[in-house]
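This report concerns only the one structure given below.
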Amino acid sequence: MWAELLPVGRSAASGGYRRHAWNSADAECRAWFREQAESRGLAYEADRNGNQWAWLGDPRAGGAIVTGSHLDSVPDGGAFDGPLGVVSSFAALDELRARGAEFDRPLAIVNFGDEEGARFGVACVGSRLTAGVLSREQAYELRDADGVRLPDAMERAGHDPAAIGGDDERLGRIAAFVELHVEQGRYLTEEQPVGVAGAIWPHGRWRFDFHGEANHAGTTRIEDRRDPMLTFASTVLAARGRAGADALATFGKVAVEPNGTNAIASLVRGWLDSRAADEATLERVVAQIGAAAAEYGGRDGVRVELTRESFTPVVDFDVPLRDRLATTLGGVPVLPTGAGHDAGILASAVPTAMLFVRNPSGVSHSPAEYAQEADCLTGVAALADVLEDLACR
């Protein structure tokens, strides 16, 4: 399975992946998922929000145990973030069948759409829509860098966007959701390659719009400039200065108008990703960065606007489920994480938990993202053990 999926959406130039929501690579991934489901005799369906489901047993029976993750990527991302969880879910089902396991609950494998938010700027769109965290009206306003609206992109890809929105009936049929994911950090060791998630830090994305004045780079005196790039650069440094052990702040995306080498920009847009150990710290850090941006804007003659585009509060995974997983796996470590996941979005609606598989380098959202095959196989066995405990006699 891994070999089949590996070349899909991979850039020959960077070695990274460009599996963005509803593009051609995403379509290939979705076709791969359906093939995996049908080849195992599972009932396949795509829900109203474009998430894909593969069912063993009656989907309407209730009390289902669900596992899976996502197949999309950040721009030039790695192979493991998301796909490892989906591939491992099918492999874990294969393992349970090889064991002769008898299921007394429905089991489903899911591929949530647009988890990374690389195209439309909001993470976990598929799970947010399902959980009602993102409304239909908000989803219809999302646009990519070319101005294409999310519903139009869905329709072009063959999915009817008319019914997107909260899916309480589906969520009500789920007893638990367990997501396996490659570790995004370096907590796990060679001796202990699998862990359980404890909580997800609160996190969000904020857009800074720096409005200046377009002008000629070669003729405009320094004292006459209203250069938003200068204000943006100062704000990036301010963000770094306010981050620390209990908070992270990163400008990783920027758009410039008119984007000419010999032109002073008229507008710079920068997107801030910030995460912290608690919500009060997160609010304080973002407020400090915003205040610094406004101060630098006053210095440079640049108007600054700050817009919160997405926010996820702290997620404490279901404690009884988390502890049950840890016990089933022989007392594996319980880890914190600053990364958002579909499991974190669904946690407000159904009991959720996560397994992490060791990443020796700790690098993620990069072509260098990696997990050793032996650790991945250990992760599959761990997921199979967990699913057997939850769904089988």
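Every chain in the structure tokens takes a letter, A first, then B, and so on in the order presented; its residues are numbered from 1, and the ligands are numbered from 1 following the presented order.
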Which residues are near stretch 288-295 of chain A? Cut-off 9 Å, only C-alpha atoms, ignore same chain within fewer than 5 positions. Put them as number ranges by chain. A: 208, 210, 231-232, 234-236, 238-239, 242, 283, 300, 302-306
Taking the backbone alone, and naming residues the way the document does, which bits of stretch 8-210 of chain A are strand (DSSP E or B) by DSSP, as a ChimeraX atom specification? /A:10,17,43-46,52-56,64-70,77,103,107-112,143,149,174-182,194-200,203-210
Write out as a PyMOL selection string each polymer residue whose atoms come within 7 Å of stretch 132-138 of chain A, counting only C-alpha atoms; drop sequence neighbours fewer than 2 positions from it. chain A and resi 128-130+140-142+164-166
Helix (DSSP H, G or I) positions in stretch 23-148 of chain A, given as a count of residues only: 46
Can you tell me, as a PDB file with N, CA, C and O atoms, in the first residue's frame, what residues are no more than 10 Å from A:His159 when counting only C-alpha atoms, ignoring any on the same chain fewer than 2 positions away?
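Result file is part.pdb:
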ATOM      1  N   TRP A  22      -8.899  18.806  -3.197  1.00  0.00           N
ATOM      2  CA  TRP A  22      -9.671  18.796  -4.436  1.00  0.00           C
ATOM      3  C   TRP A  22      -8.824  19.063  -5.683  1.00  0.00           C
ATOM      4  O   TRP A  22      -9.358  19.412  -6.730  1.00  0.00           O
ATOM      5  N   ALA A  46     -18.744   8.371   0.394  1.00  0.00           N
ATOM      6  CA  ALA A  46     -18.241   9.717   0.639  1.00  0.00           C
ATOM      7  C   ALA A  46     -19.386  10.504   1.275  1.00  0.00           C
ATOM      8  O   ALA A  46     -20.501  10.505   0.747  1.00  0.00           O
ATOM      9  N   ASP A  47     -19.128  11.130   2.411  1.00  0.00           N
ATOM     10  CA  ASP A  47     -20.211  11.823   3.100  1.00  0.00           C
ATOM     11  C   ASP A  47     -20.451  13.207   2.496  1.00  0.00           C
ATOM     12  O   ASP A  47     -19.799  13.619   1.534  1.00  0.00           O
ATOM     13  N   ARG A  48     -21.373  13.938   3.070  1.00  0.00           N
ATOM     14  CA  ARG A  48     -21.792  15.223   2.507  1.00  0.00           C
ATOM     15  C   ARG A  48     -20.663  16.246   2.488  1.00  0.00           C
ATOM     16  O   ARG A  48     -20.708  17.214   1.723  1.00  0.00           O
ATOM     17  N   ASN A  49     -19.630  16.043   3.328  1.00  0.00           N
ATOM     18  CA  ASN A  49     -18.526  16.993   3.422  1.00  0.00           C
ATOM     19  C   ASN A  49     -17.284  16.535   2.673  1.00  0.00           C
ATOM     20  O   ASN A  49     -16.223  17.147   2.797  1.00  0.00           O
ATOM     21  N   GLY A  50     -17.410  15.443   1.919  1.00  0.00           N
ATOM     22  CA  GLY A  50     -16.297  14.972   1.113  1.00  0.00           C
ATOM     23  C   GLY A  50     -15.350  14.040   1.841  1.00  0.00           C
ATOM     24  O   GLY A  50     -14.332  13.631   1.274  1.00  0.00           O
ATOM     25  N   PRO A 151     -16.681  25.525  -2.467  1.00  0.00           N
ATOM     26  CA  PRO A 151     -17.731  24.706  -3.096  1.00  0.00           C
ATOM     27  C   PRO A 151     -17.537  24.513  -4.584  1.00  0.00           C
ATOM     28  O   PRO A 151     -17.879  23.453  -5.131  1.00  0.00           O
ATOM     29  N   ASP A 152     -16.973  25.506  -5.260  1.00  0.00           N
ATOM     30  CA  ASP A 152     -16.722  25.360  -6.694  1.00  0.00           C
ATOM     31  C   ASP A 152     -15.633  24.321  -6.950  1.00  0.00           C
ATOM     32  O   ASP A 152     -15.725  23.533  -7.899  1.00  0.00           O
ATOM     33  N   ALA A 153     -14.588  24.318  -6.092  1.00  0.00           N
ATOM     34  CA  ALA A 153     -13.525  23.313  -6.239  1.00  0.00           C
ATOM     35  C   ALA A 153     -14.076  21.915  -5.997  1.00  0.00           C
ATOM     36  O   ALA A 153     -13.713  20.958  -6.700  1.00  0.00           O
ATOM     37  N   MET A 154     -14.949  21.773  -5.012  1.00  0.00           N
ATOM     38  CA  MET A 154     -15.563  20.476  -4.734  1.00  0.00           C
ATOM     39  C   MET A 154     -16.398  20.009  -5.920  1.00  0.00           C
ATOM     40  O   MET A 154     -16.325  18.843  -6.322  1.00  0.00           O
ATOM     41  N   GLU A 155     -17.164  20.918  -6.487  1.00  0.00           N
ATOM     42  CA  GLU A 155     -18.028  20.565  -7.606  1.00  0.00           C
ATOM     43  C   GLU A 155     -17.208  20.164  -8.834  1.00  0.00           C
ATOM     44  O   GLU A 155     -17.539  19.196  -9.530  1.00  0.00           O
ATOM     45  N   ARG A 156     -16.122  20.900  -9.090  1.00  0.00           N
ATOM     46  CA  ARG A 156     -15.260  20.564 -10.223  1.00  0.00           C
ATOM     47  C   ARG A 156     -14.640  19.187 -10.056  1.00  0.00           C
ATOM     48  O   ARG A 156     -14.340  18.506 -11.042  1.00  0.00           O
ATOM     49  N   ALA A 157     -14.431  18.778  -8.803  1.00  0.00           N
ATOM     50  CA  ALA A 157     -13.839  17.466  -8.535  1.00  0.00           C
ATOM     51  C   ALA A 157     -14.886  16.357  -8.500  1.00  0.00           C
ATOM     52  O   ALA A 157     -14.558  15.199  -8.210  1.00  0.00           O
ATOM     53  N   PRO A 161     -21.488  20.032  -3.442  1.00  0.00           N
ATOM     54  CA  PRO A 161     -21.281  20.768  -2.195  1.00  0.00           C
ATOM     55  C   PRO A 161     -22.568  21.289  -1.563  1.00  0.00           C
ATOM     56  O   PRO A 161     -22.531  21.949  -0.525  1.00  0.00           O
ATOM     57  N   ALA A 162     -23.721  20.985  -2.152  1.00  0.00           N
ATOM     58  CA  ALA A 162     -24.970  21.593  -1.696  1.00  0.00           C
ATOM     59  C   ALA A 162     -25.323  21.211  -0.265  1.00  0.00           C
ATOM     60  O   ALA A 162     -25.959  21.992   0.444  1.00  0.00           O
TER      61      ALA A 162
END
Distance table requested - stretch 166-211 of chain A against stretch 362-374 of chain A, cut-off 12 Å, only C-alpha atoms: one row per qualifying residue with the closest atom pair and its distance in Å to one decimal, ordered by chain and rising residue number, as JSON lines.
{"residue": "A:His181", "atom": "CA", "partner": "A:Ala371", "partner_atom": "CA", "distance": 10.5}
{"residue": "A:Val182", "atom": "CA", "partner": "A:Ala371", "partner_atom": "CA", "distance": 7.2}
{"residue": "A:Glu183", "atom": "CA", "partner": "A:Gly362", "partner_atom": "CA", "distance": 7.2}
{"residue": "A:Gln184", "atom": "CA", "partner": "A:Ser364", "partner_atom": "CA", "distance": 5.7}
{"residue": "A:Gly185", "atom": "CA", "partner": "A:Gly362", "partner_atom": "CA", "distance": 4.2}
{"residue": "A:Arg186", "atom": "CA", "partner": "A:Gly362", "partner_atom": "CA", "distance": 4.8}
{"residue": "A:Tyr187", "atom": "CA", "partner": "A:Gly362", "partner_atom": "CA", "distance": 8.5}
{"residue": "A:Leu188", "atom": "CA", "partner": "A:Gly362", "partner_atom": "CA", "distance": 9.5}
{"residue": "A:Thr189", "atom": "CA", "partner": "A:Gly362", "partner_atom": "CA", "distance": 11.0}
{"residue": "A:Glu190", "atom": "CA", "partner": "A:Gln372", "partner_atom": "CA", "distance": 10.0}
{"residue": "A:Glu191", "atom": "CA", "partner": "A:Ala374", "partner_atom": "CA", "distance": 11.7}
{"residue": "A:Gln192", "atom": "CA", "partner": "A:Ala374", "partner_atom": "CA", "distance": 11.9}
{"residue": "A:Pro193", "atom": "CA", "partner": "A:Ala374", "partner_atom": "CA", "distance": 9.3}
{"residue": "A:Val194", "atom": "CA", "partner": "A:Ala374", "partner_atom": "CA", "distance": 11.3}
Kindly save the residues from that selection, with N, CA, C and O atoms included, as a CSV table (one decimal), in the first residue's frame.
chain,number,residue,atom,x,y,z
A,181,HIS,N,-0.9,8.6,14.1
A,181,HIS,CA,-0.2,9.6,13.4
A,181,HIS,C,1.3,9.5,13.6
A,181,HIS,O,1.8,9.1,14.7
A,182,VAL,N,2.1,9.9,12.6
A,182,VAL,CA,3.6,10.0,12.9
A,182,VAL,C,3.8,11.1,13.9
A,182,VAL,O,3.1,12.1,14.0
A,183,GLU,N,4.8,10.9,14.8
A,183,GLU,CA,5.1,11.8,15.8
A,183,GLU,C,5.7,13.1,15.2
A,183,GLU,O,6.4,13.0,14.2
A,184,GLN,N,5.3,14.2,15.7
A,184,GLN,CA,5.8,15.5,15.2
A,184,GLN,C,6.6,16.2,16.3
A,184,GLN,O,6.1,17.1,16.9
A,185,GLY,N,7.7,15.6,16.5
A,185,GLY,CA,8.6,16.0,17.7
A,185,GLY,C,9.5,14.8,17.9
A,185,GLY,O,9.6,13.9,17.1
A,186,ARG,N,10.2,14.8,19.1
A,186,ARG,CA,11.1,13.8,19.4
A,186,ARG,C,11.0,13.3,20.8
A,186,ARG,O,12.0,13.2,21.6
A,187,TYR,N,9.8,13.0,21.2
A,187,TYR,CA,9.6,12.4,22.6
A,187,TYR,C,9.8,10.9,22.6
A,187,TYR,O,10.3,10.4,23.6
A,188,LEU,N,9.4,10.2,21.6
A,188,LEU,CA,9.5,8.8,21.6
A,188,LEU,C,10.9,8.3,21.3
A,188,LEU,O,11.7,9.0,20.7
A,189,THR,N,11.2,7.1,21.8
A,189,THR,CA,12.6,6.5,21.7
A,189,THR,C,12.6,5.2,20.9
A,189,THR,O,11.5,4.6,20.7
A,190,GLU,N,13.8,4.8,20.6
A,190,GLU,CA,13.9,3.5,19.9
A,190,GLU,C,13.3,2.3,20.7
A,190,GLU,O,12.8,1.4,20.2
A,191,GLU,N,13.5,2.4,22.0
A,191,GLU,CA,13.0,1.4,22.9
A,191,GLU,C,11.5,1.5,23.1
A,191,GLU,O,10.8,0.5,23.4
A,192,GLN,N,10.9,2.7,22.9
A,192,GLN,CA,9.5,2.9,23.0
A,192,GLN,C,9.0,3.7,21.8
A,192,GLN,O,8.8,4.9,21.9
A,193,PRO,N,8.7,3.0,20.7
A,193,PRO,CA,8.4,3.8,19.4
A,193,PRO,C,6.9,4.2,19.3
A,193,PRO,O,6.6,4.8,18.3
A,194,VAL,N,6.1,3.8,20.2
A,194,VAL,CA,4.6,4.2,20.2
A,194,VAL,C,4.2,4.8,21.4
A,194,VAL,O,4.6,4.4,22.5
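Near A:Val350, within 10 Å and counting only C-alpha atoms, sit A:Ala131, A:Leu171, A:Gly172, A:Arg173, A:Ile174, A:Ala175, A:Ala176, A:Phe177, A:Phe317, A:Asp318, A:Ala343, A:Ile345, A:Leu346, A:Ala347, A:Ser348, A:Thr352, A:Ala353, not including residues fewer than 2 positions from it in the same chain.
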Shortest contact to A:Val178, candidates A:Ala349, A:Val110, A:Ala13, A:Leu230, atoms counted only C-alpha atoms, goes to A:Val110
Counting only C-alpha atoms, closest pick from A:Trp201, A:Phe120, A:Phe33, A:Phe103 relative to A:Ala280 is A:Trp201
Fewer than 3 positions away in the same chain doesn't count, so skip those; otherwise give me all residues within 12 Å of A:Val285, counting only C-alpha atoms, as a PyMOL selection string. chain A and resi 203-204+206+238-244+246-250+272-282+288-292
Which residue of A:Gly198, A:Gly63, A:Pro83, A:Gly68 approaches A:Glu4 most closely, using only C-alpha atoms: A:Pro83
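Among the candidates A:Phe356, A:Trp32, A:Phe311, A:Tyr44, the residue lying nearest to A:Leu325 is A:Phe356 (atoms considered: only C-alpha atoms).
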Of the listed residues A:Thr378, A:Leu237, A:Ala263, A:Ala64, that which approaches A:Ala217 most closely, counting only C-alpha atoms: A:Ala263
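In this model, the gap between atom CA of A:Phe112 and atom CA of A:Arg308 comes to 23.5 Å.
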With only C-alpha atoms as the counted atoms, please give the residues lying no more than 12 Å from A:Thr328, apart from itself and same-chain residues fewer than 2 positions off, as a list in words.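 My reading of the contact set: Gly195, Val196, Leu321, Arg322, Asp323, Arg324, Leu325, Ala326, Gly330, Gly331, Val332, Ala381, Ala382, Leu383, Ala384, Asp385, Val386, Leu387, Glu388, Asp389 and Leu390 of chain A.
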Next, dump the selected residues to file, keeping only all heavy atoms, as a short mmCIF file (atom, residue, chain, number, x, y, z; two decimals), in the first residue's frame.
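The result, written out as selection_17.cif:
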data_model
loop_
_atom_site.label_atom_id
_atom_site.label_comp_id
_atom_site.auth_asym_id
_atom_site.auth_seq_id
_atom_site.Cartn_x
_atom_site.Cartn_y
_atom_site.Cartn_z
N GLY A 195 3.42 5.89 21.31
CA GLY A 195 2.90 6.59 22.47
C GLY A 195 1.44 6.97 22.26
O GLY A 195 0.89 6.80 21.16
N VAL A 196 0.82 7.50 23.30
CA VAL A 196 -0.58 7.92 23.27
C VAL A 196 -0.62 9.42 23.52
O VAL A 196 0.13 9.95 24.35
CB VAL A 196 -1.40 7.17 24.34
CG1 VAL A 196 -2.83 7.71 24.41
CG2 VAL A 196 -1.41 5.67 24.04
N LEU A 321 -10.71 6.68 27.58
CA LEU A 321 -10.26 6.04 26.34
C LEU A 321 -8.75 6.10 26.23
O LEU A 321 -8.10 5.11 25.87
CB LEU A 321 -10.91 6.73 25.14
CG LEU A 321 -10.54 6.17 23.76
CD1 LEU A 321 -10.95 4.71 23.63
CD2 LEU A 321 -11.18 7.00 22.65
N ARG A 322 -8.18 7.25 26.54
CA ARG A 322 -6.71 7.39 26.51
C ARG A 322 -6.05 6.38 27.42
O ARG A 322 -5.09 5.69 27.03
CB ARG A 322 -6.34 8.81 26.94
CG ARG A 322 -4.84 9.10 26.97
CD ARG A 322 -4.54 10.31 27.83
NE ARG A 322 -4.75 10.01 29.25
CZ ARG A 322 -4.77 10.94 30.21
NH1 ARG A 322 -4.64 12.21 29.90
NH2 ARG A 322 -4.94 10.59 31.46
N ASP A 323 -6.55 6.26 28.66
CA ASP A 323 -5.95 5.34 29.62
C ASP A 323 -6.15 3.88 29.20
O ASP A 323 -5.28 3.03 29.43
CB ASP A 323 -6.54 5.57 31.01
CG ASP A 323 -6.13 6.91 31.60
OD1 ASP A 323 -5.20 7.54 31.05
OD2 ASP A 323 -6.74 7.33 32.60
N ARG A 324 -7.28 3.61 28.56
CA ARG A 324 -7.53 2.24 28.08
C ARG A 324 -6.52 1.88 26.99
O ARG A 324 -5.99 0.76 26.98
CB ARG A 324 -8.96 2.14 27.55
CG ARG A 324 -9.35 0.74 27.08
CD ARG A 324 -10.84 0.68 26.76
NE ARG A 324 -11.24 -0.61 26.24
CZ ARG A 324 -12.50 -0.96 25.98
NH1 ARG A 324 -13.47 -0.08 26.20
NH2 ARG A 324 -12.78 -2.17 25.51
N LEU A 325 -6.24 2.83 26.08
CA LEU A 325 -5.24 2.57 25.05
C LEU A 325 -3.87 2.32 25.66
O LEU A 325 -3.17 1.37 25.28
CB LEU A 325 -5.16 3.75 24.08
CG LEU A 325 -5.98 3.64 22.79
CD1 LEU A 325 -7.48 3.53 23.10
CD2 LEU A 325 -5.72 4.84 21.90
N ALA A 326 -3.49 3.18 26.59
CA ALA A 326 -2.17 3.06 27.21
C ALA A 326 -2.03 1.72 27.94
O ALA A 326 -0.98 1.07 27.87
CB ALA A 326 -1.92 4.22 28.17
N GLY A 330 0.41 -1.79 27.17
CA GLY A 330 1.43 -2.10 28.17
C GLY A 330 2.02 -0.90 28.85
O GLY A 330 3.18 -0.94 29.30
N GLY A 331 1.27 0.20 28.96
CA GLY A 331 1.75 1.37 29.67
C GLY A 331 2.67 2.25 28.86
O GLY A 331 3.69 2.73 29.37
N VAL A 332 2.34 2.50 27.61
CA VAL A 332 3.16 3.37 26.76
C VAL A 332 3.06 4.81 27.25
O VAL A 332 2.11 5.18 27.96
CB VAL A 332 2.71 3.29 25.27
CG1 VAL A 332 2.91 1.89 24.75
CG2 VAL A 332 1.27 3.74 25.12
N ALA A 381 0.67 -2.91 14.57
CA ALA A 381 0.33 -3.92 15.58
C ALA A 381 -0.35 -3.29 16.78
O ALA A 381 -1.32 -3.85 17.33
CB ALA A 381 1.59 -4.67 16.01
N ALA A 382 0.13 -2.10 17.19
CA ALA A 382 -0.48 -1.41 18.32
C ALA A 382 -1.91 -0.99 17.99
O ALA A 382 -2.82 -1.14 18.82
CB ALA A 382 0.36 -0.19 18.69
N LEU A 383 -2.11 -0.45 16.79
CA LEU A 383 -3.46 -0.05 16.39
C LEU A 383 -4.37 -1.27 16.32
O LEU A 383 -5.54 -1.20 16.75
CB LEU A 383 -3.41 0.66 15.04
CG LEU A 383 -4.75 1.18 14.51
CD1 LEU A 383 -5.40 2.16 15.47
CD2 LEU A 383 -4.56 1.83 13.14
N ALA A 384 -3.88 -2.37 15.80
CA ALA A 384 -4.68 -3.60 15.76
C ALA A 384 -5.06 -4.05 17.16
O ALA A 384 -6.21 -4.44 17.41
CB ALA A 384 -3.91 -4.70 15.02
N ASP A 385 -4.13 -3.98 18.10
CA ASP A 385 -4.42 -4.36 19.48
C ASP A 385 -5.52 -3.47 20.07
O ASP A 385 -6.43 -3.95 20.76
CB ASP A 385 -3.17 -4.25 20.34
CG ASP A 385 -2.12 -5.31 20.02
OD1 ASP A 385 -2.47 -6.32 19.36
OD2 ASP A 385 -0.96 -5.13 20.43
N VAL A 386 -5.42 -2.19 19.80
CA VAL A 386 -6.40 -1.24 20.32
C VAL A 386 -7.78 -1.50 19.71
O VAL A 386 -8.80 -1.53 20.41
CB VAL A 386 -5.94 0.21 20.04
CG1 VAL A 386 -7.07 1.20 20.22
CG2 VAL A 386 -4.76 0.56 20.93
N LEU A 387 -7.83 -1.68 18.39
CA LEU A 387 -9.11 -1.92 17.73
C LEU A 387 -9.72 -3.25 18.16
O LEU A 387 -10.94 -3.36 18.31
CB LEU A 387 -8.92 -1.89 16.21
CG LEU A 387 -8.47 -0.56 15.61
CD1 LEU A 387 -8.27 -0.71 14.10
CD2 LEU A 387 -9.46 0.56 15.91
N GLU A 388 -8.88 -4.24 18.38
CA GLU A 388 -9.39 -5.54 18.86
C GLU A 388 -10.01 -5.39 20.23
O GLU A 388 -11.08 -5.96 20.52
CB GLU A 388 -8.25 -6.56 18.89
CG GLU A 388 -8.71 -7.97 19.24
CD GLU A 388 -7.61 -8.99 19.06
OE1 GLU A 388 -6.42 -8.62 19.15
OE2 GLU A 388 -7.94 -10.17 18.82
N ASP A 389 -9.37 -4.60 21.08
CA ASP A 389 -9.92 -4.37 22.43
C ASP A 389 -11.24 -3.62 22.38
O ASP A 389 -12.16 -3.90 23.15
CB ASP A 389 -8.90 -3.59 23.26
CG ASP A 389 -9.42 -3.23 24.64
OD1 ASP A 389 -9.74 -4.17 25.40
OD2 ASP A 389 -9.54 -2.02 24.94
N LEU A 390 -11.36 -2.68 21.45
CA LEU A 390 -12.54 -1.83 21.40
C LEU A 390 -13.70 -2.42 20.60
O LEU A 390 -14.86 -2.15 20.91
CB LEU A 390 -12.17 -0.47 20.78
CG LEU A 390 -11.21 0.42 21.57
CD1 LEU A 390 -10.82 1.64 20.74
CD2 LEU A 390 -11.84 0.85 22.91
#
Counting only C-alpha atoms, closest pick from A:Ala31, A:Ala255, A:Ala108, A:Ala265 relative to A:Val8 is A:Ala31
Between atom CA of A:Val334 and atom CA of A:His70, distance in Å (one decimal):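 Going from atom CA of A:Val334 over to atom CA of A:His70, I get 22.4 Å.
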